[in-house]
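Participant: Hey, dropping run25.cif in here, mmCIF, C-alpha atoms and all ligand atoms:
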data_entry
loop_
_atom_site.label_atom_id
_atom_site.label_comp_id
_atom_site.auth_asym_id
_atom_site.auth_seq_id
_atom_site.Cartn_x
_atom_site.Cartn_y
_atom_site.Cartn_z
CA MET M 1 0.00 0.00 0.00
CA LYS M 2 1.39 3.39 -0.99
CA LYS M 3 1.28 6.09 1.67
CA ARG M 4 -1.22 8.83 0.97
CA VAL M 5 -0.12 12.39 0.25
CA PHE M 6 -2.45 15.40 0.29
CA SER M 7 -1.72 19.02 -0.53
CA GLY M 8 -3.46 22.04 -1.97
CA ILE M 9 -3.05 25.55 -3.30
CA GLN M 10 -5.52 28.42 -3.31
CA PRO M 11 -6.68 29.46 -6.77
CA SER M 12 -5.37 32.99 -6.46
CA GLY M 13 -4.17 33.50 -10.03
CA ILE M 14 -1.06 32.23 -11.68
CA LEU M 15 1.37 30.02 -9.73
CA HIS M 16 4.66 31.65 -8.77
CA VAL M 17 8.16 30.33 -8.19
CA GLY M 18 7.46 30.21 -4.40
CA ASN M 19 4.54 27.80 -4.95
CA TYR M 20 6.64 25.85 -7.41
CA LEU M 21 9.72 25.41 -5.20
CA GLY M 22 7.89 25.28 -1.87
CA ALA M 23 5.21 22.84 -2.93
CA ILE M 24 4.74 21.63 -6.49
CA ARG M 25 8.29 20.51 -7.29
CA ASN M 26 8.05 18.29 -4.19
CA TRP M 27 4.65 16.98 -5.24
CA VAL M 28 6.03 15.84 -8.57
CA GLU M 29 8.79 13.87 -6.81
CA LEU M 30 6.15 11.83 -4.96
CA LEU M 31 3.94 10.93 -7.91
CA ASP M 32 5.26 7.41 -8.48
CA THR M 33 5.92 6.36 -4.91
CA HIS M 34 2.81 7.67 -3.13
CA ASP M 35 -0.95 7.83 -3.53
CA CYS M 36 -1.14 11.56 -4.24
CA ILE M 37 -4.21 13.77 -3.96
CA PHE M 38 -3.84 17.43 -4.94
CA CYS M 39 -6.62 19.89 -4.31
CA ILE M 40 -7.56 23.34 -5.57
CA VAL M 41 -8.78 24.87 -2.33
CA ASP M 42 -11.44 27.32 -3.49
CA LEU M 43 -13.21 27.32 -0.10
CA HIS M 44 -10.03 28.66 1.47
CA ALA M 45 -9.71 31.32 -1.23
CA ILE M 46 -13.10 32.84 -0.35
CA THR M 47 -12.02 33.66 3.22
CA VAL M 48 -10.63 36.99 1.96
CA PRO M 49 -12.42 39.49 -0.34
CA TYR M 50 -12.53 38.28 -3.96
CA GLU M 51 -14.41 38.78 -7.23
CA PRO M 52 -16.96 35.93 -7.75
CA ALA M 53 -17.01 36.40 -11.54
CA GLU M 54 -13.28 35.64 -11.69
CA MET M 55 -13.34 32.51 -9.56
CA PRO M 56 -14.26 29.90 -12.23
CA GLY M 57 -11.36 31.10 -14.38
CA ARG M 58 -8.98 31.08 -11.44
CA ILE M 59 -9.91 27.50 -10.60
CA LEU M 60 -9.34 26.31 -14.17
CA ASP M 61 -6.08 28.20 -14.34
CA ALA M 62 -4.90 26.59 -11.12
CA ALA M 63 -5.66 23.15 -12.56
CA ALA M 64 -3.82 24.03 -15.77
CA GLY M 65 -0.94 25.33 -13.64
CA TYR M 66 -0.68 22.07 -11.68
CA ILE M 67 -0.62 19.98 -14.84
CA ALA M 68 1.81 22.33 -16.59
CA CYS M 69 4.21 22.06 -13.64
CA GLY M 70 4.33 18.30 -14.08
CA VAL M 71 1.55 17.16 -11.75
CA ASP M 72 0.53 14.45 -14.20
CA PRO M 73 -3.19 13.64 -13.76
CA ALA M 74 -2.57 10.09 -14.99
CA ARG M 75 -0.43 9.45 -11.89
CA CYS M 76 -2.40 11.30 -9.19
CA THR M 77 -5.80 12.72 -8.32
CA ILE M 78 -6.56 16.42 -8.87
CA PHE M 79 -9.87 17.93 -7.76
CA VAL M 80 -11.64 21.08 -6.56
CA GLN M 81 -12.38 21.28 -2.82
CA SER M 82 -15.94 22.60 -3.13
CA ASP M 83 -16.85 19.68 -5.43
CA VAL M 84 -16.58 17.35 -2.41
CA HIS M 85 -19.03 18.64 0.21
CA GLU M 86 -17.64 16.40 2.93
CA HIS M 87 -14.75 18.84 3.53
CA THR M 88 -17.06 21.35 5.16
CA GLU M 89 -18.98 18.66 6.99
CA LEU M 90 -15.85 17.24 8.60
CA ALA M 91 -14.63 20.76 9.40
CA TRP M 92 -17.83 21.26 11.41
CA TYR M 93 -17.24 18.10 13.43
CA PHE M 94 -13.69 19.26 14.07
CA ASN M 95 -14.96 22.67 15.19
CA THR M 96 -16.48 20.93 18.18
CA VAL M 97 -13.15 19.50 19.41
CA ILE M 98 -10.67 22.32 18.76
CA PRO M 99 -10.46 25.28 21.18
CA VAL M 100 -10.84 28.79 19.71
CA ALA M 101 -7.58 29.81 21.40
CA TYR M 102 -5.63 27.40 19.17
CA LEU M 103 -6.91 29.25 16.11
CA GLU M 104 -6.40 32.74 17.48
CA ARG M 105 -2.68 32.12 17.77
CA MET M 106 -2.15 31.07 14.15
CA THR M 107 0.40 33.34 12.44
CA GLN M 108 -1.43 33.42 9.11
CA TYR M 109 -4.67 34.39 10.85
CA LYS M 110 -2.94 37.27 12.62
CA GLU M 111 -1.33 38.47 9.38
CA LYS M 112 -4.47 38.17 7.29
CA SER M 113 -6.73 39.76 9.91
CA ALA M 114 -4.34 42.73 10.01
CA GLN M 115 -4.25 42.90 6.20
CA PHE M 116 -8.05 42.59 5.80
CA SER M 117 -9.06 44.33 9.04
CA GLU M 118 -12.54 45.14 7.65
CA HIS M 119 -13.16 41.51 6.82
CA VAL M 120 -12.16 39.36 9.79
CA THR M 121 -14.76 36.63 9.41
CA MET M 122 -15.39 33.28 11.08
CA GLY M 123 -14.12 31.73 7.83
CA LEU M 124 -10.74 33.40 8.25
CA LEU M 125 -10.42 32.17 11.83
CA ASP M 126 -11.66 28.70 10.96
CA TYR M 127 -9.41 28.37 7.90
CA PRO M 128 -6.95 25.92 9.55
CA VAL M 129 -9.79 23.65 10.70
CA LEU M 130 -10.98 23.34 7.11
CA GLN M 131 -7.38 22.60 6.15
CA ALA M 132 -7.25 19.86 8.81
CA ALA M 133 -10.48 18.44 7.35
CA ASP M 134 -8.93 18.47 3.84
CA ILE M 135 -6.05 16.32 5.00
CA LEU M 136 -7.82 14.04 7.47
CA LEU M 137 -10.80 13.32 5.22
CA TYR M 138 -8.36 11.26 3.14
CA LYS M 139 -6.33 10.06 6.17
CA ALA M 140 -3.28 11.45 4.42
CA GLU M 141 -0.02 10.95 6.28
CA ILE M 142 2.27 13.26 4.32
CA VAL M 143 1.58 16.89 3.44
CA PRO M 144 4.21 18.53 1.19
CA VAL M 145 4.07 22.28 1.82
CA GLY M 146 6.23 25.37 2.23
CA GLU M 147 7.36 26.52 5.66
CA ASP M 148 4.48 28.99 6.09
CA GLN M 149 2.01 26.09 6.25
CA VAL M 150 3.82 24.01 8.88
CA GLN M 151 1.90 25.60 11.75
CA HIS M 152 -1.37 24.65 10.04
CA ILE M 153 -0.23 21.04 9.67
CA GLU M 154 0.63 20.99 13.36
CA LEU M 155 -2.90 22.20 14.06
CA ALA M 156 -4.21 19.33 11.92
CA ARG M 157 -2.24 16.98 14.20
CA ASP M 158 -3.86 18.61 17.24
CA VAL M 159 -7.27 18.16 15.65
CA ALA M 160 -6.61 14.47 14.89
CA ARG M 161 -5.36 13.87 18.44
CA LYS M 162 -8.30 15.63 20.07
CA PHE M 163 -10.84 13.84 17.91
CA ASN M 164 -9.17 10.46 18.48
CA ASN M 165 -9.01 11.02 22.26
CA ARG M 166 -12.68 11.87 22.40
CA TYR M 167 -14.13 9.41 19.90
CA GLY M 168 -11.54 6.69 19.24
CA GLY M 169 -8.59 6.45 16.88
CA ILE M 170 -9.87 7.20 13.43
CA PHE M 171 -7.37 9.71 12.10
CA PRO M 172 -3.59 9.35 11.57
CA GLU M 173 -1.54 12.39 12.60
CA PRO M 174 -0.24 13.89 9.35
CA ALA M 175 3.33 15.16 8.95
CA ALA M 176 4.44 18.19 6.95
CA ARG M 177 7.11 17.46 4.33
CA VAL M 178 9.14 20.56 3.76
CA GLY M 179 11.69 20.55 0.94
CA SER M 180 14.72 22.68 0.19
CA GLY M 181 12.65 25.56 -1.24
CA ALA M 182 10.59 25.90 1.93
CA ARG M 183 10.72 29.68 2.17
CA ILE M 184 11.33 31.58 -1.03
CA LEU M 185 11.76 35.30 -0.65
CA GLY M 186 10.39 37.70 -3.23
CA LEU M 187 12.48 39.81 -5.60
CA ASP M 188 12.64 42.49 -2.89
CA GLY M 189 14.76 40.03 -0.87
CA GLN M 190 12.65 40.85 2.20
CA ALA M 191 9.19 39.31 2.25
CA LYS M 192 7.96 35.86 1.27
CA MET M 193 7.36 35.63 -2.47
CA SER M 194 3.64 36.16 -3.00
CA LYS M 195 1.11 37.29 -5.53
CA THR M 196 -0.29 40.01 -3.28
CA LEU M 197 3.11 41.65 -2.73
CA ASP M 198 3.86 41.63 -6.48
CA ASN M 199 7.41 40.44 -5.76
CA TYR M 200 7.12 37.22 -7.72
CA ILE M 201 8.15 35.41 -10.89
CA ALA M 202 5.27 33.41 -12.35
CA VAL M 203 5.94 29.87 -13.55
CA THR M 204 4.72 30.82 -17.04
CA GLU M 205 6.88 33.88 -17.50
CA THR M 206 8.98 34.21 -20.71
CA PRO M 207 12.80 34.29 -20.54
CA GLU M 208 12.64 38.04 -21.27
CA GLU M 209 10.18 38.66 -18.41
CA ILE M 210 12.27 36.54 -16.04
CA TRP M 211 15.36 38.58 -16.93
CA ARG M 212 13.50 41.90 -16.61
CA LYS M 213 12.30 41.00 -13.11
CA LEU M 214 15.62 39.55 -11.96
CA SER M 215 17.68 42.44 -13.28
CA THR M 216 16.22 44.81 -10.67
CA ALA M 217 15.98 42.26 -7.85
CA VAL M 218 17.76 42.91 -4.56
CA THR M 219 21.16 41.19 -3.97
CA ASP M 220 23.65 41.37 -1.08
CA PRO M 221 22.77 44.86 0.23
CA ALA M 222 26.38 45.46 1.37
CA ARG M 223 27.74 45.00 -2.17
CA LYS M 224 27.26 48.49 -3.59
CA ARG M 225 29.80 48.56 -6.46
CA ARG M 226 30.93 46.02 -9.03
CA THR M 227 34.40 46.00 -7.42
CA ASP M 228 33.06 45.23 -3.89
CA ARG M 229 33.34 41.65 -2.70
CA GLY M 230 29.94 40.08 -2.03
CA ASN M 231 28.59 37.48 0.37
CA PRO M 232 26.46 34.83 -1.37
CA ASP M 233 25.19 33.56 1.99
CA VAL M 234 23.13 36.71 2.51
CA CYS M 235 22.12 37.18 -1.14
CA ASN M 236 18.61 36.23 -2.19
CA ILE M 237 19.74 35.71 -5.78
CA PHE M 238 22.26 33.15 -4.61
CA SER M 239 19.58 31.36 -2.59
CA LEU M 240 17.72 30.92 -5.90
CA HIS M 241 20.92 29.62 -7.53
CA ARG M 242 20.90 26.90 -4.88
CA LEU M 243 17.53 25.75 -6.22
CA PHE M 244 17.96 26.24 -9.96
CA SER M 245 21.68 25.89 -10.74
CA SER M 246 24.04 22.90 -10.82
CA ALA M 247 26.47 22.37 -7.94
CA GLY M 248 29.41 23.34 -10.16
CA GLU M 249 27.74 26.55 -11.28
CA GLN M 250 26.82 27.43 -7.69
CA ALA M 251 30.45 27.01 -6.65
CA ARG M 252 31.70 29.20 -9.54
CA VAL M 253 29.14 31.93 -8.89
CA ALA M 254 29.85 31.93 -5.12
CA GLU M 255 33.59 32.17 -5.71
CA GLY M 256 33.14 34.93 -8.32
CA CYS M 257 30.91 36.89 -5.92
CA ARG M 258 33.29 36.56 -2.96
CA THR M 259 36.29 37.70 -5.02
CA ALA M 260 34.42 40.35 -7.03
CA GLY M 261 35.36 38.30 -10.08
CA ILE M 262 31.78 38.59 -11.37
CA GLY M 263 29.19 41.32 -10.86
CA CYS M 264 25.63 40.94 -9.63
CA LEU M 265 24.28 41.31 -13.15
CA ASP M 266 26.51 38.47 -14.42
CA CYS M 267 25.28 36.30 -11.57
CA LYS M 268 21.65 37.19 -12.33
CA ARG M 269 22.12 36.44 -16.03
CA ILE M 270 23.21 32.88 -15.23
CA LEU M 271 20.28 32.46 -12.84
CA ALA M 272 17.79 33.91 -15.35
CA ASP M 273 18.97 31.40 -17.98
CA ASN M 274 18.67 28.48 -15.55
CA ILE M 275 15.19 29.47 -14.34
CA ALA M 276 14.06 29.98 -17.94
CA ARG M 277 15.43 26.55 -18.90
CA GLU M 278 13.63 24.76 -16.05
CA LEU M 279 10.37 26.63 -16.62
CA ALA M 280 10.35 26.31 -20.44
CA PRO M 281 8.41 23.01 -20.45
CA VAL M 282 5.98 24.46 -17.87
CA ARG M 283 5.28 27.43 -20.13
CA GLU M 284 4.88 25.20 -23.17
CA ARG M 285 2.50 22.80 -21.43
CA HIS M 286 0.52 25.71 -20.01
CA ALA M 287 0.11 27.23 -23.49
CA ALA M 288 -0.93 23.85 -24.91
CA LEU M 289 -3.62 23.50 -22.19
CA LYS M 290 -5.24 26.84 -23.11
CA GLY M 291 -7.66 25.32 -25.60
CA LYS M 292 -8.26 22.14 -23.62
CA ARG M 293 -10.92 23.17 -21.16
CA ASP M 294 -12.85 19.91 -21.64
CA PHE M 295 -9.79 17.86 -20.78
CA ILE M 296 -9.18 19.87 -17.59
CA GLU M 297 -12.85 19.67 -16.57
CA GLY M 298 -12.69 15.91 -17.14
CA VAL M 299 -9.64 15.58 -14.87
CA LEU M 300 -11.41 17.57 -12.14
CA ARG M 301 -14.64 15.58 -12.49
CA GLU M 302 -12.82 12.29 -12.24
CA GLY M 303 -10.85 13.59 -9.26
CA ALA M 304 -13.99 14.71 -7.43
CA CYS M 305 -15.58 11.34 -8.10
CA ARG M 306 -12.69 9.37 -6.56
CA CYS M 307 -12.30 11.79 -3.64
CA GLY M 308 -16.05 11.83 -2.97
CA GLU M 309 -16.00 8.09 -2.51
CA ILE M 310 -13.11 8.16 -0.01
CA ALA M 311 -14.65 11.16 1.75
CA ARG M 312 -18.04 9.51 2.23
CA GLY M 313 -16.34 6.52 3.85
CA THR M 314 -14.48 8.71 6.34
CA ILE M 315 -17.58 10.74 7.17
CA ARG M 316 -19.51 7.55 7.85
CA GLU M 317 -16.77 6.43 10.24
CA ALA M 318 -16.63 9.81 12.00
CA LYS M 319 -20.41 9.99 12.34
CA ALA M 320 -20.58 6.47 13.73
CA ALA M 321 -17.90 7.32 16.31
CA MET M 322 -19.75 10.50 17.26
CA GLY M 323 -23.07 8.77 17.72
CA LEU M 324 -24.61 10.50 14.71
CA LEU M 325 -25.39 7.40 12.67
CA ARG M 326 -28.74 5.72 13.17
P1 LIG X 401 -1.09 28.77 -0.49
O1 LIG X 401 -2.08 28.74 -1.59
O2 LIG X 401 -0.82 30.05 0.22
O3 LIG X 401 0.30 28.25 -1.00
C1 LIG X 401 0.40 27.02 -1.68
C2 LIG X 401 1.70 26.31 -1.39
O4 LIG X 401 2.82 27.11 -1.80
C3 LIG X 401 3.70 27.29 -0.71
N1 LIG X 401 4.27 28.65 -0.81
C4 LIG X 401 5.57 28.90 -0.66
N2 LIG X 401 6.62 28.09 -0.41
C5 LIG X 401 7.84 28.67 -0.32
N3 LIG X 401 8.05 30.01 -0.47
C6 LIG X 401 7.03 30.85 -0.73
N4 LIG X 401 7.25 32.15 -0.90
C7 LIG X 401 5.71 30.31 -0.84
N5 LIG X 401 4.49 30.83 -1.08
C8 LIG X 401 3.62 29.80 -1.06
C9 LIG X 401 2.83 27.15 0.54
O5 LIG X 401 3.59 26.81 1.67
C10 LIG X 401 1.90 26.06 0.12
O6 LIG X 401 2.47 24.78 0.30
N6 LIG X 401 -3.48 26.80 3.33
C11 LIG X 401 -2.76 26.42 2.14
C12 LIG X 401 -3.59 25.62 1.18
C13 LIG X 401 -4.21 24.39 1.74
C14 LIG X 401 -3.55 23.17 2.03
C15 LIG X 401 -4.56 22.29 2.51
C16 LIG X 401 -2.23 22.78 1.94
C17 LIG X 401 -5.52 24.19 2.04
N7 LIG X 401 -5.75 22.94 2.49
C18 LIG X 401 -4.25 20.99 2.92
C19 LIG X 401 -1.92 21.46 2.37
C20 LIG X 401 -2.92 20.60 2.83
C21 LIG X 401 -2.34 27.71 1.47
O7 LIG X 401 -2.88 28.73 1.66
O8 LIG X 401 -1.39 27.61 0.57
#
What would the structure in this file look like if it were written as structure tokens?
Facilitator:
Amino acid sequence: MKKRVFSGIQPSGILHVGNYLGAIRNWVELLDTHDCIFCIVDLHAITVPYEPAEMPGRILDAAAGYIACGVDPARCTIFVQSDVHEHTELAWYFNTVIPVAYLERMTQYKEKSAQFSEHVTMGLLDYPVLQAADILLYKAEIVPVGEDQVQHIELARDVARKFNNRYGGIFPEPAARVGSGARILGLDGQAKMSKTLDNYIAVTETPEEIWRKLSTAVTDPARKRRTDRGNPDVCNIFSLHRLFSSAGEQARVAEGCRTAGIGCLDCKRILADNIARELAPVRERHAALKGKRDFIEGVLREGACRCGEIARGTIREAKAAMGLLR
């Protein structure tokens, strides 16, 4: 029996290099060795203000993005969260075992409630409980995510433990799987790469766009002139080299930076070429999927069908344990 993997991304527009390195590249590595379920979490995306008319397009684009990045639907299950109603049902059961205080201390809740101070809803507070339901509905044991989601996976463990203590051991405690690209900074070199901060490179960007964005990105702040020696260990561009460049190239770039043998622009040029090379097939597959809406809808329908079946089984078990089955 293959171990089950579950992960998801909010449909908030095009995928960026942070999503790719923090999550999707790790998903692809697990496709052949694990039973992988990947979700487009639209019910999470509606916990902050959004435009309803844009949502169907964002969902389809997220699915196309997954597939373009190599999440091959023939080797895993891809579906939309709201297509399987059991997610919200299980979240409600979990709401009755998890204390409010656990949710109030979540970092993402604090950040988002500051950012959307006019819109601090129950949904925003309850967000991690729905995430716990996503994972536990499928009894997934491994959750490949970026570092920012680790706290939410720990909450899912708390939820599983509390439910099991109260009603009997139904749910395994899932573990986060964090890869080498766990926390990608944006081009400003300061904040996490994100769509909202507009400090990102999208996975479908052209080589020219990648170069344009990288050319103005922040490097080692202490290296002011071409003749200054730099420190790759504090340079955000070098941290991207670690994820996109070969070991030999990393060593050459680091040495050139430390000795002022190469300038920041030279270093960025090499990085831009390597990112463009890795993302070329993603861009091509994404373009090819543009006219294939029926294919994508078919993948999502099939995914929802398989997930619905698993989900109904888990709900039956949970209800029986809770005394809700007659
Ligand atoms: P979301 O949509 O914010 O991000 C999706 C995935 O991308 C990772 N990520 C990053 N990794 C490294 N550096 C970055 N700058 C960066 N930005 C984003 C995130 O860590 C995440 O893995 N709550 C989740 C979605 C979710 C989920 C789930 C995940 C809902 N249910 C169940 C796992 C299991 C979220 O908002 O991710």
Participant: So which one's closest to Val5 (chain M), M:Gly181, M:Gly186, M:Gly298, M:Pro174? Using only C-alpha atoms, please.
Facilitator: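 Once distances to Val5 (chain M) are computed over only C-alpha atoms, the minimum belongs to M:Pro174.
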Participant: For the point (-6.4, 10.9, 7.4) in the file's frame, write as a PDB file with C-alpha atoms, keeping the file's coordinate frame all residues with an atom no more than 8 Å away, counting only C-alpha atoms.
Facilitator:
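Once everything was written out, this is part_36.pdb:
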ATOM      1  CA  ILE M 135      -6.050  16.320   5.000  1.00  0.00           C
ATOM      2  CA  LEU M 136      -7.820  14.040   7.470  1.00  0.00           C
ATOM      3  CA  LEU M 137     -10.800  13.320   5.220  1.00  0.00           C
ATOM      4  CA  TYR M 138      -8.360  11.260   3.140  1.00  0.00           C
ATOM      5  CA  LYS M 139      -6.330  10.060   6.170  1.00  0.00           C
ATOM      6  CA  ALA M 140      -3.280  11.450   4.420  1.00  0.00           C
ATOM      7  CA  GLU M 141      -0.020  10.950   6.280  1.00  0.00           C
ATOM      8  CA  ILE M 170      -9.870   7.200  13.430  1.00  0.00           C
ATOM      9  CA  PHE M 171      -7.370   9.710  12.100  1.00  0.00           C
ATOM     10  CA  PRO M 172      -3.590   9.350  11.570  1.00  0.00           C
ATOM     11  CA  GLU M 173      -1.540  12.390  12.600  1.00  0.00           C
ATOM     12  CA  PRO M 174      -0.240  13.890   9.350  1.00  0.00           C
TER      13      PRO M 174
END
Participant: Give me the residues near region 214-221 of chain M as a list in words, where near means some atom within 8 Å (using all atoms listed in the file) and where sequence neighbours in that chain fewer than 2 positions away do not count.
Facilitator: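 My list of contacting residues is Leu187, Asp188, Gly189, Ile210, Trp211, Arg212, Arg223, Lys224, Gly230, Asn231, Pro232, Val234, Cys235, Asn236, Ile237, Cys264, Leu265, Lys268, Arg269 and Ala272 of chain M.
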Participant: With only C-alpha atoms and all ligand atoms as the basis for distance, which of M:Arg157, M:Lys162, M:Lys3, M:His152 is at the shortest distance from ligand LIG 401 (chain X)?
Facilitator: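 Looking only at the distances to ligand LIG 401 (chain X), the closest residue turns out to be M:His152.
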Participant: Can you tell me which residues sit at most 8 Å away from ligand LIG 401 (chain X), counting only C-alpha atoms and all ligand atoms, written as JSON, numbers by chain?
Facilitator: {"M": [6, 7, 8, 9, 10, 11, 12, 16, 17, 18, 19, 20, 21, 22, 23, 24, 39, 40, 41, 44, 45, 127, 128, 130, 131, 132, 134, 135, 143, 144, 145, 146, 147, 148, 149, 150, 152, 153, 181, 182, 183, 184, 185, 186, 192, 193, 194]}
Participant: By how many Å are CA of Gly169 (chain M) and CA of Lys2 (chain M) apart?
Facilitator: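 Separation of CA of Gly169 (chain M) and CA of Lys2 (chain M): 20.7 Å.
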Participant: Quote the spacing between CA of Gly57 (chain M) and CA of Val71 (chain M) in Å to one decimal place.
Facilitator: 19.2 Å
Participant: Rank nothing, just name the residue among M:Gln81, M:Trp27, M:Asp198, M:Ser113 nearest to Tyr66 (chain M), using only C-alpha atoms.
Facilitator: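 With only C-alpha atoms as the atom set, the closest residue is M:Trp27.
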Participant: Rank nothing, just name the residue among M:Thr206, M:Met1, M:Ala114, M:Ile37 nearest to Glu284 (chain M), using only C-alpha atoms.
Facilitator: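 Looking at the shortest contact to Glu284 (chain M), the residue is M:Thr206.
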Participant: If we count only C-alpha atoms, what is near Leu289 (chain M) at a cut-off of 8 Å, once residues fewer than 4 positions away on the same chain are taken out, given as number ranges by chain?
Facilitator: M: 64, 68, 285, 293
Participant: Report the distance between CA of Pro281 (chain M) and CA of Pro56 (chain M) in Å, rounded to one decimal place.
Facilitator: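 A separation of 25.1 Å between them.
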Participant: Would you compute, for all listed atoms of region 234-250 of chain M, the axis-aligned bounding box grown by 8 Å on each side, and then report its centre and edge lengths in Å rounded to one decimal, as AutoDock Vina command-line options?
Facilitator:
--center_x 23.5 --center_y 29.8 --center_z -4.4 --size_x 27.9 --size_y 30.8 --size_z 29.8
Participant: Of the candidates M:Ile98, M:Ile46, M:Cys69, M:Ala320, which one gets nearest to Val129 (chain M) if we count all atoms listed in the file?
Facilitator: M:Ile98
Participant: Skipping near chain neighbours, those fewer than 4 positions away, what residues fall within 9 Å of Gly308 (chain M) using all atoms listed in the file, listed as a list in words?
Facilitator: Asp83, Val84, His85, Glu86, Gly303, Ala304, Arg312 and Gly313 of chain M
Participant: Could you list, as a list in words, every residue within 10 Å of Phe116 (chain M), counting all atoms listed in the file and ignoring same-chain residues fewer than 6 positions away?
Facilitator: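 Within the cut-off, the hits are Val48, Pro49 and Leu124 of chain M.
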